[in-house]
Every structure is written in structure tokens, then in C-alpha cells.
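J.: One structure is given below, represented as C-alpha cells, and several questions about it will come after.
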Amino acid sequence: MQYKPLETAEKRVYNIRQIKEGYQKMELTANYHTHTYRCGHAGGTDREYIETAIQAGYKVLGFSDHSPMVYDTDHHSGYRMRLDQAEEYFTTLTDLKKEYRNEIEIRVGVEAEYYPATHGRFMEFLRQYPCEYMILGQHFLLREEDGVYAGSPYADSFLLEAYYKNILDGVKTGDFLYVAHPDLFHFVGKPKLYDRTVRAFLEEIKSLGVPLEINRLGYADRRAYPAPRFWRLAGEAGATAVIGVDAHRPDHLTDVDGIQGCLRLAAKNGLTVRESFTF
Ligand SMILES: [Zn+2]
Ligand SMILES: [Zn+2]
């Protein structure tokens, strides 16, 4: 992804709070889904994200870059920071959190998958660092090395069911704050099978009390998610949503059209939007 210079971002800085009028009591003053250059496909400096968030009126900015991951094999991921970058990531951001504490609440976390076979070792690795929270972004099914990317089209209901079970098992560890883009799995099979699986997933998620993210990046890029059918079912199930900017550039934080689109989707389906967390 090409990073546009910040001067473009500055021109697009709006008061985020102004855009929410008419959307229940929702104000997007917190975003927990922010990447950094360390993952290799995001742009801008840490400070540019922070300064943009302050100008835009955010009260909370959570960094959740693609986590380094522990594998059973010598697999190398092309979309996350390396294990040896973790130290610098947490140190730098924790220093910035202190430096900016009077202007904005900065939280330092990661976006990670739940891979059952290696999760224990992964958590052991992460415990060495001041990681405040994790969001569950399940990009691959069960084991990254197998390459079953959730965003590819699948007609097999077995994979669909396995994907949502994978997410539920992850949520049940209690390690994750919320589920990022829970509608990433691109099912192209029978709609009836989709509805049945997703309904069952939503019932369980609701009882676990974990919010589901409406993803601004997918909306802005016109990806298959946010998937209207998923959010219709989520509304029927009474699920709680959270808006995630999924910023891969500082000016994504001020993407009013994208944020508005996500808020409209939530409002249209009668979803309660959770704005911030205490932890
Ligand atoms: Zn990314
Ligand atoms: Zn992300």
C-alpha cells in the first residue's frame, strides 16, 4: 500500500464528533485498531498516527499492529512484524503513551490470530512485553502454514463452520478484547448454510459478551466485508458492535466517509455500538 504524505491527511482532518449527529448517541472517540509500519504494509510514523488522532478529536488511540507469531515450523509471514521487533514496538509505543498522556489515551496492543496448537507459547512470548490488549483478527484458519486464507471465496460449509468454531475457541481463552472483521470469511455457498452457521456463532458470542467489529478498511476498499448479510443477522441476534478503523495510514483515522458508512450499517441493523473499553 502506498502511503500518501501527511499534508494530504491534514487537509482531510475533520472533527470526527460532528459526523455522528443522528446516529443514536454514538461518537467515535476511540479506535483500537491501528497498525504501524512494522508489519510491512502500513505507512506513516507512530507520531503521525497520534497527532492525527489528537487533531481529529479521538480520546483513545489503541495500537494493534499485526503481532509477531510463534510457529511450529520455519514459516515466515509476510504481513506481520518479526519476533525480534516486538521489543522495539512495545518500548517505543509505551514511551509515546507516557509522552502524550495529557493529550490522548494511548493503548498498546496487538492484532493476532488464534492458532490453537501454538497459542500457549505465543502468549508466553507476549507476556514478556507490556501488551495491554489483543484483538482477534483471524486471517487464516487454524494454522497459518496451511494457507487457508479466510478472505478467499469458499463454498464448503465445513470450512465455514470450522472458521467460526476457530474464532469462538479463541474468544473463549479470554485473551481477546473483541473480534476484528468477524465477517472476513468469504462464503459463496448456499445462503441457508451461511445463515445457520452465523446465527449459531452469534448466539454464542452474545453469551460470551465479546463485541464484533465493523471494519472501516473493508468498507472503504469495497471488500466483501463488512458483509451486509452478516450484520443483518448480528442485529437480529442483538450482538454488540464496535467500529474499527483498521488504520494502515494516519489519514485513515479521518476517513469520515468510511466511518460514517460503518455507523450507518450499525444503525440500519439496530446494533448497539460499544465505544470504549476499560482494562
Ligand atoms: Zn494489515
Ligand atoms: Zn488490522
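Just so we're on the same page: first chain in the C-alpha cells is A, next is B, and so on; residues restart at 1 for each chain, and ligands are numbered from 1 in the order they show up.
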Residues of chain A that have any atom at most 9 Å from an atom of ligand 2: could you tabulate them with the shortest-distance atom pair and the distance in Å to one decimal, using only C-alpha atoms and all ligand atoms, ordered by chain and increasing number, as JSON lines?

T.:
```
{"residue": "A:His33", "atom": "CA", "partner": "ligand 2", "partner_atom_place_in_ligand_line": "1 (Zn)", "distance": 6.1}
{"residue": "A:Thr34", "atom": "CA", "partner": "ligand 2", "partner_atom_place_in_ligand_line": "1 (Zn)", "distance": 6.8}
{"residue": "A:His35", "atom": "CA", "partner": "ligand 2", "partner_atom_place_in_ligand_line": "1 (Zn)", "distance": 6.5}
{"residue": "A:Ser64", "atom": "CA", "partner": "ligand 2", "partner_atom_place_in_ligand_line": "1 (Zn)", "distance": 7.3}
{"residue": "A:Asp65", "atom": "CA", "partner": "ligand 2", "partner_atom_place_in_ligand_line": "1 (Zn)", "distance": 6.8}
{"residue": "A:His66", "atom": "CA", "partner": "ligand 2", "partner_atom_place_in_ligand_line": "1 (Zn)", "distance": 6.7}
{"residue": "A:Glu111", "atom": "CA", "partner": "ligand 2", "partner_atom_place_in_ligand_line": "1 (Zn)", "distance": 6.3}
{"residue": "A:Ala112", "atom": "CA", "partner": "ligand 2", "partner_atom_place_in_ligand_line": "1 (Zn)", "distance": 8.9}
{"residue": "A:Ile135", "atom": "CA", "partner": "ligand 2", "partner_atom_place_in_ligand_line": "1 (Zn)", "distance": 8.8}
{"residue": "A:Gly137", "atom": "CA", "partner": "ligand 2", "partner_atom_place_in_ligand_line": "1 (Zn)", "distance": 6.8}
{"residue": "A:Ala180", "atom": "CA", "partner": "ligand 2", "partner_atom_place_in_ligand_line": "1 (Zn)", "distance": 7.4}
{"residue": "A:His181", "atom": "CA", "partner": "ligand 2", "partner_atom_place_in_ligand_line": "1 (Zn)", "distance": 8.5}
{"residue": "A:Asn215", "atom": "CA", "partner": "ligand 2", "partner_atom_place_in_ligand_line": "1 (Zn)", "distance": 8.7}
{"residue": "A:Leu217", "atom": "CA", "partner": "ligand 2", "partner_atom_place_in_ligand_line": "1 (Zn)", "distance": 8.4}
{"residue": "A:Gly244", "atom": "CA", "partner": "ligand 2", "partner_atom_place_in_ligand_line": "1 (Zn)", "distance": 8.5}
{"residue": "A:Val245", "atom": "CA", "partner": "ligand 2", "partner_atom_place_in_ligand_line": "1 (Zn)", "distance": 8.4}
{"residue": "A:Asp246", "atom": "CA", "partner": "ligand 2", "partner_atom_place_in_ligand_line": "1 (Zn)", "distance": 4.8}
{"residue": "A:Ala247", "atom": "CA", "partner": "ligand 2", "partner_atom_place_in_ligand_line": "1 (Zn)", "distance": 7.3}
{"residue": "A:His248", "atom": "CA", "partner": "ligand 2", "partner_atom_place_in_ligand_line": "1 (Zn)", "distance": 7.7}
```

J.: Please return as a VMD selection string: the residues of range 92-256 of chain A that backbone DSSP assigns to alpha helix (DSSP H).

T.: chain A and resid 92 to 99 119 to 126 157 to 172 191 to 208 216 to 220 228 to 237 256

J.: Which of range 44-202 of chain A end up as strand (DSSP E or B) when DSSP is run on this backbone - answer as a count of residues only?

T.: 27

J.: At what distance in Å, to one decimal, does CA of Arg38 in chain A lie from CA of Arg80 in chain A?

T.: 7.2 Å

J.: Restricting the calculation to only C-alpha atoms: of A:Phe279, A:Phe187, A:Tyr133, A:Tyr79, which residue gets closest to Val110 in chain A?

T.: A:Tyr133

J.: Of the residues A:Glu124, A:Glu204, A:Asp146, A:Glu88, which is the one nearest to Ala234 in chain A, using only C-alpha atoms?

T.: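 Under the stated criterion, the closest residue is A:Glu204.
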
J.: Please provide as a CSV table (one decimal) with C-alpha atoms, in the first residue's frame all residues within 9 Å of Ser276 in chain A, with the sequence filter that same-chain residues fewer than 4 positions apart are discarded (counting only C-alpha atoms).

T.:
```csv
chain,number,residue,atom,x,y,z
A,28,LEU,CA,-16.3,7.6,17.6
A,29,THR,CA,-13.8,8.9,20.1
A,30,ALA,CA,-11.9,5.7,20.5
A,31,ASN,CA,-10.3,3.4,18.0
A,32,TYR,CA,-8.4,0.2,19.0
A,60,VAL,CA,-8.4,6.9,22.9
A,242,VAL,CA,-17.5,-1.8,17.7
```

J.: Can you pull out the residues contacting Met123 in chain A? Cut-off 10 Å, using only C-alpha atoms, and skip same-chain residues under 3 positions away; I want them as a list in words.

T.: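 Contacts, in chain order: Met69, Val70, Thr118, His119, Gly120, Leu126, Arg127, Gln128 and Asp175 of chain A.
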
J.: I'd like the neighbourhood of Leu193 in chain A as a list in words, where a residue qualifies if any of its atoms comes within 12 Å (using only C-alpha atoms), though same-chain residues fewer than 2 positions away should be ignored.

T.: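 Final neighbour list, sorted by chain and number: Ala155, Asp156, Ser157, Phe158, Leu159, Leu160, Glu161, Phe187, Val188, Gly189, Lys190, Pro191, Asp195, Arg196, Thr197, Val198, Arg199 and Ala200 of chain A.
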
J.: Atoms to include: N, CA and C atoms. Write the selected residues as a CSV table (one decimal), in the first residue's frame.

T.:
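Final output, saved to again.csv:
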```csv
chain,number,residue,atom,x,y,z
A,155,ALA,N,-17.0,-22.3,-1.0
A,155,ALA,CA,-18.4,-22.8,-1.0
A,155,ALA,C,-18.6,-23.9,0.0
A,156,ASP,N,-17.5,-24.4,0.7
A,156,ASP,CA,-17.6,-25.5,1.5
A,156,ASP,C,-18.1,-25.1,2.9
A,157,SER,N,-19.2,-25.7,3.3
A,157,SER,CA,-19.8,-25.3,4.6
A,157,SER,C,-18.9,-25.8,5.8
A,158,PHE,N,-18.2,-26.9,5.5
A,158,PHE,CA,-17.3,-27.4,6.6
A,158,PHE,C,-16.2,-26.4,7.0
A,159,LEU,N,-15.7,-25.7,6.0
A,159,LEU,CA,-14.7,-24.6,6.3
A,159,LEU,C,-15.3,-23.4,7.0
A,160,LEU,N,-16.6,-23.1,6.6
A,160,LEU,CA,-17.3,-22.0,7.2
A,160,LEU,C,-17.5,-22.3,8.7
A,161,GLU,N,-18.0,-23.5,9.0
A,161,GLU,CA,-18.2,-23.9,10.4
A,161,GLU,C,-16.9,-24.0,11.2
A,187,PHE,N,-17.9,-16.6,2.3
A,187,PHE,CA,-18.6,-17.9,1.9
A,187,PHE,C,-19.5,-17.6,0.7
A,188,VAL,N,-19.3,-18.5,-0.3
A,188,VAL,CA,-20.1,-18.3,-1.6
A,188,VAL,C,-21.0,-19.5,-1.8
A,189,GLY,N,-21.2,-20.3,-0.8
A,189,GLY,CA,-22.1,-21.5,-0.9
A,189,GLY,C,-23.5,-21.1,-0.6
A,190,LYS,N,-24.3,-22.0,-0.2
A,190,LYS,CA,-25.8,-21.8,0.0
A,190,LYS,C,-26.0,-20.8,1.1
A,191,PRO,N,-26.8,-19.8,0.8
A,191,PRO,CA,-27.1,-18.8,1.8
A,191,PRO,C,-27.7,-19.4,3.1
A,195,ASP,N,-26.5,-18.6,6.9
A,195,ASP,CA,-27.4,-18.1,8.0
A,195,ASP,C,-27.3,-19.0,9.2
A,196,ARG,N,-27.4,-20.3,9.0
A,196,ARG,CA,-27.5,-21.2,10.1
A,196,ARG,C,-26.2,-21.2,10.9
A,197,THR,N,-25.1,-21.2,10.2
A,197,THR,CA,-23.8,-21.2,10.9
A,197,THR,C,-23.5,-19.9,11.7
A,198,VAL,N,-23.8,-18.8,11.0
A,198,VAL,CA,-23.6,-17.5,11.6
A,198,VAL,C,-24.5,-17.2,12.7
A,199,ARG,N,-25.8,-17.7,12.6
A,199,ARG,CA,-26.7,-17.5,13.7
A,199,ARG,C,-26.2,-18.2,15.0
A,200,ALA,N,-25.8,-19.4,14.8
A,200,ALA,CA,-25.3,-20.2,15.9
A,200,ALA,C,-24.0,-19.5,16.6
```

J.: Between A:Pro211, A:Arg249, A:Phe122, A:Asp95, which residue has the minimum interatomic distance to ligand 1, considering only C-alpha atoms and all ligand atoms?

T.: A:Arg249

J.: Find the spatial neighbours of range 218-228 of chain A, counting only C-alpha atoms, within a cut-off of 10 Å - ignore same-chain residues fewer than 2 positions away - and output them as a ChimeraX atom specification.

T.: /A:151-153,181-187,213-216,230-234,245-246,252,255,257-259,261-262,265,269
